[in-house]
Amino acid sequence: MKHIEIVQIGIGHVGRAVAQIILEERKRWLDHNAIDVRYRAVADTSGALVGEELLPQAIRLKEEGGKLSEFGVEKTEDVLRSEPDSDTLRVVIDLAVHGGTHDLDILGAENGSYLVLSNKGPLSGSTAEYRRLTEMLPGRLWHEATVGAGIPIISTIEYLRASGDDILEIQASPSGTLGYIMSEVEGGSSFSGAVKKAVELHYAEPDPRDDLSGLDVARKAIILARKMGRDIEPEEIPYESLVPEGLEAVPLDEFMERLPEADEAFRKRLLAVEEHHMLRYLAKIPKEGEVEVGLKDTPVESPFGPINGPENVFDFHTRRYSDVTLTVAGPGAGPERTASGVVFDLLDIAHKI
Ligand SMILES: NC(=O)c1ccc[n+]([C@@H]2O[C@H](COP(=O)([O-])OP(=O)(O)OC[C@H]3O[C@@H](n4cnc5c(N)ncnc54)[C@H](OP(=O)(O)O)[C@@H]3O)[C@@H](O)[C@H]2O)c1
């Protein structure tokens, strides 16, 4: 029997979906695979709720916008410093947002925990931060859901490298929101209409500038580049912002109201695209040389031509996949799909230890 205890940092959209899957499916893992999974704690920004008796109520409370401190919490740092039960492996699952949890992840690593992330922040900061984490966790770091949500991108890179192949370049459309917006615009929508629809369908962040700025794609590009073995700093990846000039800092209401001002310029840009080409927001990550993130005039016959809706597409050009590239595509966003990637990592750890 393998015993695993989870300390989960973040109980937002993805965090709740992960907890639901674990609570619903762990009996099957116990019965069929002799893997015993339970929660040591879940944490939000107010602290860590220890034990799992109140977890179902905590999920409901977080859905309603509450804070775990309403149940009584401990400091997350103290929980991470505590010893796991005997014969039990601790997995810290970081499902928070951006870089604020880097030190919490390090604390978990120092105590011998394994780490699973959907949070790109700790892996997309400076090289020094990245190295600190990866060197502390050799063989103990899993992060499938950071790129492509539930579709197997990180594991494809690992598989290609482990099989002795050499990845020469990855081209990707790794943002469901930008993929959706570009395919809508292609189909005749105005830029502002496509952005509004992406917000209504919850593809985009509540403030769509978080997606339109290109930073999310740049973060994914740096994670892919590092996974390919490159030493790279965030400043080395310039990214094109689709946020219209002058609307970067205005309140959200004003941004949405004034967005149609950008429609004409966007339409002209679309008209300038060559025949049999489409405009796509892509990341191009070569083995060496400049990483590019921005709008690209892309042939219709390329793997990025048929993108429809919030699909992600990753195209691997390798020594062995050179005449025909290896393409991995699928829905690259959404809490349940992202949670699948996280649970895949958790069970992969359980199978490998
Ligand atoms: N949603 C997707 O489709 C998707 C896909 C791939 C990857 N991801 C990544 O997965 C992560 C989670 O996404 P989400 O949609 O679940 O975000 P979310 O709904 O905003 O939830 C974030 C959670 O993290 C908690 N948190 C933030 N900073 C923290 C800290 N320093 N210590 C403890 N808890 C902290 C928040 O606590 P409070 O509730 O107290 O604020 C909240 O519970 C993000 O990094 C996102 O980029 C998401």
# chains A, B, ... in the order shown; residues from 1 in each chain; ligands from 1

call {"tool": "closest_atom_pairs", "arguments": {"of": "chain A", "to": "ligand 1", "cutoff": "6 Å", "atoms": "only C-alpha atoms and all ligand atoms", "output": "CSV"}}
result
residue,atom,partner,partner_atom_place_in_ligand_line,distance
A:Ile9,CA,ligand 1,33 (C),5.0
A:Gly10,CA,ligand 1,24 (O),3.4
A:Ile11,CA,ligand 1,43 (O),3.8
A:Gly12,CA,ligand 1,21 (O),3.2
A:His13,CA,ligand 1,16 (O),3.6
A:Val14,CA,ligand 1,16 (O),3.7
A:Gly15,CA,ligand 1,16 (O),5.4
A:Ala43,CA,ligand 1,33 (C),5.2
A:Asp44,CA,ligand 1,34 (N),3.5
A:Thr45,CA,ligand 1,40 (O),3.8
A:Ser46,CA,ligand 1,40 (O),5.8
A:Lys67,CA,ligand 1,40 (O),5.9
A:Leu95,CA,ligand 1,11 (C),4.5
A:Ala96,CA,ligand 1,24 (O),3.3
A:Val97,CA,ligand 1,45 (O),3.7
A:His98,CA,ligand 1,45 (O),5.7
A:Gly100,CA,ligand 1,31 (N),4.9
A:Thr101,CA,ligand 1,31 (N),4.9
A:Ser118,CA,ligand 1,10 (O),4.5
A:Asn119,CA,ligand 1,45 (O),3.4
A:Lys120,CA,ligand 1,45 (O),5.6
A:Ala145,CA,ligand 1,6 (C),5.6
A:Thr146,CA,ligand 1,7 (C),5.1
A:Ala149,CA,ligand 1,6 (C),4.4
A:Ala333,CA,ligand 1,3 (O),3.9
A:Gly334,CA,ligand 1,3 (O),3.5
A:Pro335,CA,ligand 1,3 (O),4.7
A:Thr338,CA,ligand 1,5 (C),5.1

call {"tool": "residues_around", "arguments": {"residues": "Ala339 in chain A", "least_positions_apart": "3", "cutoff": "7 Å", "atoms": "only C-alpha atoms", "output": "list in words"}}
result
Val14, Ala17, Val18, Pro335, Glu336, Val342 and Val343 of chain A

call {"tool": "residues_around", "arguments": {"residues": "range 137-142 of chain A", "least_positions_apart": "4", "cutoff": "9 Å", "atoms": "only C-alpha atoms", "output": "JSON, numbers by chain"}}
result
{"A": [106, 109, 110, 112, 113, 114, 115, 116, 117, 132, 133, 154, 342, 345, 346, 348, 349]}

call {"tool": "write_last_selection", "arguments": {"atoms": "C-alpha atoms", "output": "mmCIF file, in the first residue's frame"}}
result
data_model
loop_
_atom_site.group_PDB
_atom_site.id
_atom_site.type_symbol
_atom_site.label_atom_id
_atom_site.label_comp_id
_atom_site.auth_asym_id
_atom_site.auth_seq_id
_atom_site.Cartn_x
_atom_site.Cartn_y
_atom_site.Cartn_z
ATOM 1 C CA ILE A 106 10.668 25.645 -1.785
ATOM 2 C CA ALA A 109 10.789 20.763 -1.258
ATOM 3 C CA GLU A 110 13.109 21.289 1.721
ATOM 4 C CA GLY A 112 11.180 16.178 1.105
ATOM 5 C CA SER A 113 7.781 16.684 -0.547
ATOM 6 C CA TYR A 114 7.032 16.017 -4.196
ATOM 7 C CA LEU A 115 5.590 18.992 -6.096
ATOM 8 C CA VAL A 116 2.787 19.181 -8.668
ATOM 9 C CA LEU A 117 1.959 22.537 -10.257
ATOM 10 C CA ARG A 132 16.576 26.687 -7.170
ATOM 11 C CA LEU A 133 13.306 24.813 -7.503
ATOM 12 C CA ILE A 154 5.185 18.357 -20.874
ATOM 13 C CA VAL A 342 -2.949 17.603 -12.093
ATOM 14 C CA ASP A 345 0.695 13.907 -12.254
ATOM 15 C CA LEU A 346 -0.437 12.808 -8.790
ATOM 16 C CA ASP A 348 2.088 9.186 -11.991
ATOM 17 C CA ILE A 349 4.025 9.982 -8.795
#

call {"tool": "atom_distance", "arguments": {"atom1": "CA of Gly51 in chain A", "atom2": "CA of Tyr39 in chain A"}}
result
6.4 Å

call {"tool": "residues_around", "arguments": {"residues": "Leu30 in chain A", "least_positions_apart": "4", "cutoff": "10 Å", "atoms": "only C-alpha atoms", "output": "VMD selection string"}}
result
chain A and resid 1 to 3 25 to 26 34 to 37

call {"tool": "residues_around", "arguments": {"residues": "Pro152 in chain A", "least_positions_apart": "6", "cutoff": "9 Å", "atoms": "only C-alpha atoms", "output": "count of residues only"}}
result
4

call {"tool": "select_by_dssp", "arguments": {"residues": "range 200-330 of chain A", "states": "strand (DSSP E)", "output": "MDAnalysis selection string"}}
result
chainID A and resid 277:286 292:299 311:318 326:330

call {"tool": "write_last_selection", "arguments": {"atoms": "N, CA and C atoms", "output": "PDB file, in the first residue's frame"}}
result
ATOM      1  N   HIS A 277      -3.513  32.303 -46.137  1.00  0.00           N
ATOM      2  CA  HIS A 277      -2.882  32.399 -44.826  1.00  0.00           C
ATOM      3  C   HIS A 277      -3.921  32.876 -43.810  1.00  0.00           C
ATOM      4  N   MET A 278      -3.605  32.673 -42.534  1.00  0.00           N
ATOM      5  CA  MET A 278      -4.486  33.138 -41.458  1.00  0.00           C
ATOM      6  C   MET A 278      -3.639  33.802 -40.391  1.00  0.00           C
ATOM      7  N   LEU A 279      -4.279  34.663 -39.612  1.00  0.00           N
ATOM      8  CA  LEU A 279      -3.565  35.318 -38.526  1.00  0.00           C
ATOM      9  C   LEU A 279      -3.760  34.497 -37.254  1.00  0.00           C
ATOM     10  N   ARG A 280      -2.662  34.085 -36.650  1.00  0.00           N
ATOM     11  CA  ARG A 280      -2.736  33.277 -35.427  1.00  0.00           C
ATOM     12  C   ARG A 280      -1.776  33.842 -34.385  1.00  0.00           C
ATOM     13  N   TYR A 281      -2.124  33.715 -33.100  1.00  0.00           N
ATOM     14  CA  TYR A 281      -1.219  34.169 -32.038  1.00  0.00           C
ATOM     15  C   TYR A 281      -0.383  32.966 -31.606  1.00  0.00           C
ATOM     16  N   LEU A 282       0.901  32.994 -31.969  1.00  0.00           N
ATOM     17  CA  LEU A 282       1.732  31.797 -31.781  1.00  0.00           C
ATOM     18  C   LEU A 282       2.971  32.067 -30.939  1.00  0.00           C
ATOM     19  N   ALA A 283       3.494  30.994 -30.367  1.00  0.00           N
ATOM     20  CA  ALA A 283       4.818  31.021 -29.733  1.00  0.00           C
ATOM     21  C   ALA A 283       5.712  30.115 -30.564  1.00  0.00           C
ATOM     22  N   LYS A 284       6.903  30.612 -30.909  1.00  0.00           N
ATOM     23  CA  LYS A 284       7.854  29.801 -31.679  1.00  0.00           C
ATOM     24  C   LYS A 284       9.103  29.670 -30.829  1.00  0.00           C
ATOM     25  N   ILE A 285       9.426  28.428 -30.469  1.00  0.00           N
ATOM     26  CA  ILE A 285      10.544  28.212 -29.537  1.00  0.00           C
ATOM     27  C   ILE A 285      11.563  27.296 -30.208  1.00  0.00           C
ATOM     28  N   PRO A 286      12.581  27.884 -30.811  1.00  0.00           N
ATOM     29  CA  PRO A 286      13.615  27.044 -31.434  1.00  0.00           C
ATOM     30  C   PRO A 286      14.598  26.532 -30.382  1.00  0.00           C
ATOM     31  N   GLU A 292       9.894  33.646 -30.234  1.00  0.00           N
ATOM     32  CA  GLU A 292       8.973  34.681 -30.725  1.00  0.00           C
ATOM     33  C   GLU A 292       7.575  34.419 -30.195  1.00  0.00           C
ATOM     34  N   VAL A 293       6.914  35.473 -29.725  1.00  0.00           N
ATOM     35  CA  VAL A 293       5.539  35.339 -29.227  1.00  0.00           C
ATOM     36  C   VAL A 293       4.716  36.487 -29.800  1.00  0.00           C
ATOM     37  N   GLY A 294       3.743  36.184 -30.631  1.00  0.00           N
ATOM     38  CA  GLY A 294       2.920  37.253 -31.199  1.00  0.00           C
ATOM     39  C   GLY A 294       2.079  36.764 -32.356  1.00  0.00           C
ATOM     40  N   LEU A 295       1.433  37.730 -33.046  1.00  0.00           N
ATOM     41  CA  LEU A 295       0.591  37.385 -34.201  1.00  0.00           C
ATOM     42  C   LEU A 295       1.469  36.984 -35.376  1.00  0.00           C
ATOM     43  N   LYS A 296       1.075  35.904 -36.035  1.00  0.00           N
ATOM     44  CA  LYS A 296       1.871  35.413 -37.181  1.00  0.00           C
ATOM     45  C   LYS A 296       0.932  35.128 -38.342  1.00  0.00           C
ATOM     46  N   ASP A 297       1.407  35.509 -39.507  1.00  0.00           N
ATOM     47  CA  ASP A 297       0.723  35.203 -40.760  1.00  0.00           C
ATOM     48  C   ASP A 297       1.019  33.712 -41.041  1.00  0.00           C
ATOM     49  N   THR A 298      -0.008  32.847 -40.967  1.00  0.00           N
ATOM     50  CA  THR A 298       0.229  31.401 -40.934  1.00  0.00           C
ATOM     51  C   THR A 298      -0.493  30.700 -42.088  1.00  0.00           C
ATOM     52  N   PRO A 299       0.178  29.812 -42.824  1.00  0.00           N
ATOM     53  CA  PRO A 299      -0.512  29.124 -43.934  1.00  0.00           C
ATOM     54  C   PRO A 299      -1.735  28.336 -43.439  1.00  0.00           C
ATOM     55  N   GLU A 311      -9.220  25.799 -28.840  1.00  0.00           N
ATOM     56  CA  GLU A 311      -8.308  24.659 -28.921  1.00  0.00           C
ATOM     57  C   GLU A 311      -6.840  25.113 -28.813  1.00  0.00           C
ATOM     58  N   ASN A 312      -6.001  24.280 -28.233  1.00  0.00           N
ATOM     59  CA  ASN A 312      -4.549  24.505 -28.226  1.00  0.00           C
ATOM     60  C   ASN A 312      -3.912  23.562 -29.244  1.00  0.00           C
ATOM     61  N   VAL A 313      -2.867  24.049 -29.910  1.00  0.00           N
ATOM     62  CA  VAL A 313      -2.135  23.193 -30.848  1.00  0.00           C
ATOM     63  C   VAL A 313      -0.630  23.346 -30.584  1.00  0.00           C
ATOM     64  N   PHE A 314       0.061  22.217 -30.490  1.00  0.00           N
ATOM     65  CA  PHE A 314       1.516  22.216 -30.285  1.00  0.00           C
ATOM     66  C   PHE A 314       2.134  21.377 -31.390  1.00  0.00           C
ATOM     67  N   ASP A 315       3.083  21.963 -32.097  1.00  0.00           N
ATOM     68  CA  ASP A 315       3.687  21.270 -33.235  1.00  0.00           C
ATOM     69  C   ASP A 315       5.179  21.090 -32.957  1.00  0.00           C
ATOM     70  N   PHE A 316       5.595  19.823 -32.863  1.00  0.00           N
ATOM     71  CA  PHE A 316       6.981  19.509 -32.510  1.00  0.00           C
ATOM     72  C   PHE A 316       7.766  19.148 -33.763  1.00  0.00           C
ATOM     73  N   HIS A 317       8.826  19.901 -34.011  1.00  0.00           N
ATOM     74  CA  HIS A 317       9.725  19.584 -35.116  1.00  0.00           C
ATOM     75  C   HIS A 317      10.996  19.018 -34.479  1.00  0.00           C
ATOM     76  N   THR A 318      11.252  17.750 -34.724  1.00  0.00           N
ATOM     77  CA  THR A 318      12.373  17.082 -34.046  1.00  0.00           C
ATOM     78  C   THR A 318      13.266  16.417 -35.086  1.00  0.00           C
ATOM     79  N   LEU A 326       5.256  16.336 -35.416  1.00  0.00           N
ATOM     80  CA  LEU A 326       4.363  15.684 -34.455  1.00  0.00           C
ATOM     81  C   LEU A 326       3.448  16.758 -33.863  1.00  0.00           C
ATOM     82  N   THR A 327       2.147  16.595 -34.064  1.00  0.00           N
ATOM     83  CA  THR A 327       1.222  17.625 -33.599  1.00  0.00           C
ATOM     84  C   THR A 327       0.337  17.075 -32.486  1.00  0.00           C
ATOM     85  N   VAL A 328       0.266  17.817 -31.390  1.00  0.00           N
ATOM     86  CA  VAL A 328      -0.617  17.438 -30.280  1.00  0.00           C
ATOM     87  C   VAL A 328      -1.625  18.578 -30.108  1.00  0.00           C
ATOM     88  N   ALA A 329      -2.906  18.243 -30.142  1.00  0.00           N
ATOM     89  CA  ALA A 329      -3.925  19.300 -30.073  1.00  0.00           C
ATOM     90  C   ALA A 329      -5.076  18.866 -29.184  1.00  0.00           C
ATOM     91  N   GLY A 330      -5.786  19.826 -28.644  1.00  0.00           N
ATOM     92  CA  GLY A 330      -6.950  19.505 -27.829  1.00  0.00           C
ATOM     93  C   GLY A 330      -7.382  20.723 -27.032  1.00  0.00           C
TER      94      GLY A 330
END

call {"tool": "residues_around", "arguments": {"residues": "Leu259 in chain A", "least_positions_apart": "4", "cutoff": "12 Å", "atoms": "only C-alpha atoms", "output": "mmCIF file with all heavy atoms, in the first residue's frame"}}
result
data_model
loop_
_atom_site.group_PDB
_atom_site.id
_atom_site.type_symbol
_atom_site.label_atom_id
_atom_site.label_comp_id
_atom_site.auth_asym_id
_atom_site.auth_seq_id
_atom_site.Cartn_x
_atom_site.Cartn_y
_atom_site.Cartn_z
ATOM 1 N N SER A 190 -16.061 41.092 -35.420
ATOM 2 C CA SER A 190 -15.122 42.187 -35.145
ATOM 3 C C SER A 190 -14.223 41.748 -33.990
ATOM 4 O O SER A 190 -14.584 40.828 -33.231
ATOM 5 C CB SER A 190 -15.892 43.447 -34.753
ATOM 6 O OG SER A 190 -16.589 43.192 -33.538
ATOM 7 N N PHE A 191 -13.072 42.418 -33.850
ATOM 8 C CA PHE A 191 -12.157 42.099 -32.754
ATOM 9 C C PHE A 191 -12.866 42.302 -31.416
ATOM 10 O O PHE A 191 -12.867 41.404 -30.554
ATOM 11 C CB PHE A 191 -10.916 43.003 -32.872
ATOM 12 C CG PHE A 191 -9.952 42.866 -31.730
ATOM 13 C CD1 PHE A 191 -9.309 41.665 -31.476
ATOM 14 C CD2 PHE A 191 -9.666 43.953 -30.909
ATOM 15 C CE1 PHE A 191 -8.398 41.543 -30.429
ATOM 16 C CE2 PHE A 191 -8.762 43.846 -29.862
ATOM 17 C CZ PHE A 191 -8.133 42.642 -29.621
ATOM 18 N N SER A 192 -13.548 43.441 -31.255
ATOM 19 C CA SER A 192 -14.196 43.722 -29.957
ATOM 20 C C SER A 192 -15.314 42.708 -29.689
ATOM 21 O O SER A 192 -15.483 42.239 -28.556
ATOM 22 C CB SER A 192 -14.750 45.147 -29.913
ATOM 23 O OG SER A 192 -15.717 45.318 -30.936
ATOM 24 N N GLY A 193 -16.057 42.327 -30.752
ATOM 25 C CA GLY A 193 -17.143 41.342 -30.592
ATOM 26 C C GLY A 193 -16.585 40.002 -30.151
ATOM 27 O O GLY A 193 -17.141 39.321 -29.277
ATOM 28 N N ALA A 194 -15.446 39.610 -30.745
ATOM 29 C CA ALA A 194 -14.839 38.314 -30.404
ATOM 30 C C ALA A 194 -14.345 38.330 -28.953
ATOM 31 O O ALA A 194 -14.516 37.342 -28.225
ATOM 32 C CB ALA A 194 -13.682 38.022 -31.360
ATOM 33 N N VAL A 195 -13.751 39.447 -28.529
ATOM 34 C CA VAL A 195 -13.252 39.532 -27.142
ATOM 35 C C VAL A 195 -14.436 39.444 -26.171
ATOM 36 O O VAL A 195 -14.388 38.706 -25.178
ATOM 37 C CB VAL A 195 -12.450 40.848 -26.910
ATOM 38 C CG1 VAL A 195 -12.091 41.003 -25.440
ATOM 39 C CG2 VAL A 195 -11.190 40.861 -27.774
ATOM 40 N N LYS A 196 -15.513 40.176 -26.482
ATOM 41 C CA LYS A 196 -16.685 40.164 -25.583
ATOM 42 C C LYS A 196 -17.261 38.759 -25.461
ATOM 43 O O LYS A 196 -17.615 38.301 -24.373
ATOM 44 C CB LYS A 196 -17.763 41.136 -26.084
ATOM 45 C CG LYS A 196 -17.422 42.560 -25.704
ATOM 46 C CD LYS A 196 -18.421 43.575 -26.202
ATOM 47 C CE LYS A 196 -17.863 44.966 -25.911
ATOM 48 N NZ LYS A 196 -18.373 45.991 -26.800
ATOM 49 N N PRO A 208 -10.105 40.675 -19.783
ATOM 50 C CA PRO A 208 -9.476 39.968 -20.922
ATOM 51 C C PRO A 208 -8.082 40.486 -21.249
ATOM 52 O O PRO A 208 -7.357 39.840 -22.005
ATOM 53 C CB PRO A 208 -10.449 40.212 -22.074
ATOM 54 C CG PRO A 208 -11.249 41.391 -21.688
ATOM 55 C CD PRO A 208 -11.304 41.414 -20.199
ATOM 56 N N ARG A 209 -7.687 41.642 -20.674
ATOM 57 C CA ARG A 209 -6.328 42.139 -20.932
ATOM 58 C C ARG A 209 -5.279 41.164 -20.417
ATOM 59 O O ARG A 209 -4.164 41.134 -20.915
ATOM 60 C CB ARG A 209 -6.144 43.524 -20.287
ATOM 61 C CG ARG A 209 -6.822 44.620 -21.088
ATOM 62 C CD ARG A 209 -6.815 45.936 -20.362
ATOM 63 N NE ARG A 209 -7.701 45.911 -19.195
ATOM 64 C CZ ARG A 209 -8.074 46.985 -18.523
ATOM 65 N NH1 ARG A 209 -7.624 48.172 -18.891
ATOM 66 N NH2 ARG A 209 -8.888 46.907 -17.494
ATOM 67 N N LEU A 212 -5.016 39.107 -23.447
ATOM 68 C CA LEU A 212 -4.626 39.862 -24.640
ATOM 69 C C LEU A 212 -3.204 40.407 -24.554
ATOM 70 O O LEU A 212 -2.570 40.658 -25.567
ATOM 71 C CB LEU A 212 -5.602 41.036 -24.852
ATOM 72 C CG LEU A 212 -7.056 40.667 -25.193
ATOM 73 C CD1 LEU A 212 -7.935 41.917 -25.195
ATOM 74 C CD2 LEU A 212 -7.133 39.981 -26.554
ATOM 75 N N LEU A 242 -1.984 42.497 -27.598
ATOM 76 C CA LEU A 242 -3.154 42.857 -28.422
ATOM 77 C C LEU A 242 -4.044 43.855 -27.691
ATOM 78 O O LEU A 242 -5.155 44.151 -28.134
ATOM 79 C CB LEU A 242 -3.961 41.603 -28.783
ATOM 80 C CG LEU A 242 -3.235 40.481 -29.532
ATOM 81 C CD1 LEU A 242 -4.219 39.410 -29.994
ATOM 82 C CD2 LEU A 242 -2.467 41.019 -30.732
ATOM 83 N N VAL A 243 -3.584 44.352 -26.537
ATOM 84 C CA VAL A 243 -4.360 45.377 -25.822
ATOM 85 C C VAL A 243 -4.153 46.698 -26.575
ATOM 86 O O VAL A 243 -3.013 47.132 -26.747
ATOM 87 C CB VAL A 243 -3.882 45.535 -24.359
ATOM 88 C CG1 VAL A 243 -4.662 46.634 -23.648
ATOM 89 C CG2 VAL A 243 -4.014 44.215 -23.612
ATOM 90 N N PRO A 244 -5.233 47.314 -27.054
ATOM 91 C CA PRO A 244 -5.058 48.542 -27.829
ATOM 92 C C PRO A 244 -4.341 49.629 -27.022
ATOM 93 O O PRO A 244 -4.564 49.756 -25.821
ATOM 94 C CB PRO A 244 -6.501 48.959 -28.147
ATOM 95 C CG PRO A 244 -7.301 47.700 -28.025
ATOM 96 C CD PRO A 244 -6.642 46.896 -26.965
ATOM 97 N N GLU A 245 -3.483 50.369 -27.737
ATOM 98 C CA GLU A 245 -2.709 51.421 -27.072
ATOM 99 C C GLU A 245 -3.632 52.430 -26.397
ATOM 100 O O GLU A 245 -4.662 52.812 -26.954
ATOM 101 C CB GLU A 245 -1.875 52.148 -28.129
ATOM 102 C CG GLU A 245 -0.399 52.105 -27.808
ATOM 103 C CD GLU A 245 0.403 52.833 -28.851
ATOM 104 O OE1 GLU A 245 0.607 52.216 -29.922
ATOM 105 O OE2 GLU A 245 0.780 53.994 -28.581
ATOM 106 N N GLY A 246 -3.300 52.805 -25.200
ATOM 107 C CA GLY A 246 -4.091 53.785 -24.462
ATOM 108 C C GLY A 246 -5.140 53.132 -23.579
ATOM 109 O O GLY A 246 -5.726 53.772 -22.714
ATOM 110 N N LEU A 247 -5.413 51.819 -23.785
ATOM 111 C CA LEU A 247 -6.444 51.152 -22.971
ATOM 112 C C LEU A 247 -5.822 50.191 -21.952
ATOM 113 O O LEU A 247 -6.528 49.429 -21.306
ATOM 114 C CB LEU A 247 -7.419 50.367 -23.872
ATOM 115 C CG LEU A 247 -8.207 51.163 -24.914
ATOM 116 C CD1 LEU A 247 -9.244 50.279 -25.603
ATOM 117 C CD2 LEU A 247 -8.907 52.356 -24.288
ATOM 118 N N GLU A 248 -4.508 50.261 -21.820
ATOM 119 C CA GLU A 248 -3.819 49.309 -20.930
ATOM 120 C C GLU A 248 -4.233 49.479 -19.474
ATOM 121 O O GLU A 248 -4.367 48.500 -18.741
ATOM 122 C CB GLU A 248 -2.284 49.471 -21.011
ATOM 123 C CG GLU A 248 -1.683 49.127 -22.350
ATOM 124 C CD GLU A 248 -1.625 50.329 -23.292
ATOM 125 O OE1 GLU A 248 -2.287 51.357 -23.003
ATOM 126 O OE2 GLU A 248 -0.932 50.241 -24.318
ATOM 127 N N VAL A 250 -6.893 51.640 -18.223
ATOM 128 C CA VAL A 250 -8.221 52.217 -17.907
ATOM 129 C C VAL A 250 -9.060 51.179 -17.147
ATOM 130 O O VAL A 250 -8.794 49.974 -17.235
ATOM 131 C CB VAL A 250 -8.970 52.680 -19.191
ATOM 132 C CG1 VAL A 250 -8.189 53.746 -19.929
ATOM 133 C CG2 VAL A 250 -9.286 51.502 -20.109
ATOM 134 N N LEU A 252 -11.907 48.464 -16.172
ATOM 135 C CA LEU A 252 -12.408 47.394 -17.033
ATOM 136 C C LEU A 252 -13.647 47.827 -17.842
ATOM 137 O O LEU A 252 -13.732 47.555 -19.044
ATOM 138 C CB LEU A 252 -12.723 46.152 -16.174
ATOM 139 C CG LEU A 252 -13.273 44.947 -16.914
ATOM 140 C CD1 LEU A 252 -12.331 44.479 -18.013
ATOM 141 C CD2 LEU A 252 -13.540 43.793 -15.943
ATOM 142 N N ASP A 253 -14.601 48.493 -17.183
ATOM 143 C CA ASP A 253 -15.827 48.940 -17.891
ATOM 144 C C ASP A 253 -15.470 49.810 -19.080
ATOM 145 O O ASP A 253 -16.002 49.634 -20.182
ATOM 146 C CB ASP A 253 -16.712 49.775 -16.953
ATOM 147 C CG ASP A 253 -17.390 48.896 -15.933
ATOM 148 O OD1 ASP A 253 -17.250 47.660 -16.059
ATOM 149 O OD2 ASP A 253 -18.041 49.439 -15.015
ATOM 150 N N GLU A 254 -14.563 50.763 -18.827
ATOM 151 C CA GLU A 254 -14.166 51.686 -19.905
ATOM 152 C C GLU A 254 -13.435 50.918 -21.006
ATOM 153 O O GLU A 254 -13.650 51.165 -22.192
ATOM 154 C CB GLU A 254 -13.264 52.788 -19.320
ATOM 155 C CG GLU A 254 -12.915 53.838 -20.372
ATOM 156 C CD GLU A 254 -11.969 54.917 -19.847
ATOM 157 O OE1 GLU A 254 -11.895 55.101 -18.594
ATOM 158 O OE2 GLU A 254 -11.293 55.554 -20.685
ATOM 159 N N PHE A 255 -12.611 49.937 -20.609
ATOM 160 C CA PHE A 255 -11.883 49.131 -21.596
ATOM 161 C C PHE A 255 -12.870 48.441 -22.542
ATOM 162 O O PHE A 255 -12.749 48.507 -23.766
ATOM 163 C CB PHE A 255 -11.002 48.097 -20.884
ATOM 164 C CG PHE A 255 -10.381 47.104 -21.817
ATOM 165 C CD1 PHE A 255 -9.282 47.454 -22.588
ATOM 166 C CD2 PHE A 255 -10.907 45.825 -21.948
ATOM 167 C CE1 PHE A 255 -8.710 46.545 -23.473
ATOM 168 C CE2 PHE A 255 -10.346 44.904 -22.827
ATOM 169 C CZ PHE A 255 -9.248 45.271 -23.595
ATOM 170 N N ASP A 263 -11.245 48.123 -33.643
ATOM 171 C CA ASP A 263 -11.730 47.182 -34.663
ATOM 172 C C ASP A 263 -11.177 47.471 -36.056
ATOM 173 O O ASP A 263 -10.794 46.556 -36.784
ATOM 174 C CB ASP A 263 -13.271 47.180 -34.708
ATOM 175 C CG ASP A 263 -13.866 46.432 -33.522
ATOM 176 O OD1 ASP A 263 -13.097 45.721 -32.831
ATOM 177 O OD2 ASP A 263 -15.070 46.579 -33.262
ATOM 178 N N GLU A 264 -11.150 48.760 -36.418
ATOM 179 C CA GLU A 264 -10.740 49.105 -37.782
ATOM 180 C C GLU A 264 -9.269 48.713 -38.028
ATOM 181 O O GLU A 264 -8.937 48.095 -39.041
ATOM 182 C CB GLU A 264 -10.975 50.613 -38.002
ATOM 183 C CG GLU A 264 -10.707 51.125 -39.404
ATOM 184 C CD GLU A 264 -11.467 50.348 -40.503
ATOM 185 O OE1 GLU A 264 -12.481 49.695 -40.206
ATOM 186 O OE2 GLU A 264 -10.987 50.380 -41.664
ATOM 187 N N ALA A 265 -8.412 49.030 -37.057
ATOM 188 C CA ALA A 265 -6.982 48.703 -37.212
ATOM 189 C C ALA A 265 -6.808 47.180 -37.299
ATOM 190 O O ALA A 265 -6.007 46.675 -38.098
ATOM 191 C CB ALA A 265 -6.191 49.257 -36.030
ATOM 192 N N PHE A 266 -7.592 46.461 -36.533
ATOM 193 C CA PHE A 266 -7.470 45.000 -36.551
ATOM 194 C C PHE A 266 -7.954 44.438 -37.888
ATOM 195 O O PHE A 266 -7.365 43.508 -38.432
ATOM 196 C CB PHE A 266 -8.271 44.407 -35.383
ATOM 197 C CG PHE A 266 -7.673 43.131 -34.873
ATOM 198 C CD1 PHE A 266 -6.620 43.142 -33.976
ATOM 199 C CD2 PHE A 266 -8.133 41.901 -35.318
ATOM 200 C CE1 PHE A 266 -6.044 41.972 -33.523
ATOM 201 C CE2 PHE A 266 -7.574 40.720 -34.872
ATOM 202 C CZ PHE A 266 -6.524 40.759 -33.972
#

call {"tool": "closest_residue", "arguments": {"among": "A:Arg90, A:Arg16, A:Lys220, A:Arg267", "to": "Ala350 in chain A", "atoms": "only C-alpha atoms"}}
result
A:Arg90

call {"tool": "closest_residue", "arguments": {"among": "A:Pro174, A:Leu89, A:Ala198, A:Val7", "to": "Leu107 in chain A", "atoms": "only C-alpha atoms"}}
result
A:Val7

call {"tool": "closest_residue", "arguments": {"among": "A:Leu54, A:Val291, A:Leu104, A:Met256", "to": "Glu236 in chain A", "atoms": "only C-alpha atoms"}}
result
A:Val291

call {"tool": "closest_residue", "arguments": {"among": "A:Val300, A:Ile22, A:Ala204, A:Ala262", "to": "Glu274 in chain A", "atoms": "only C-alpha atoms"}}
result
A:Val300

call {"tool": "residues_around", "arguments": {"residues": "Glu233 in chain A", "least_positions_apart": "3", "cutoff": "10 Å", "atoms": "only C-alpha atoms", "output": "ChimeraX atom specification"}}
result
/A:124-128,130,222,226,230,236-237
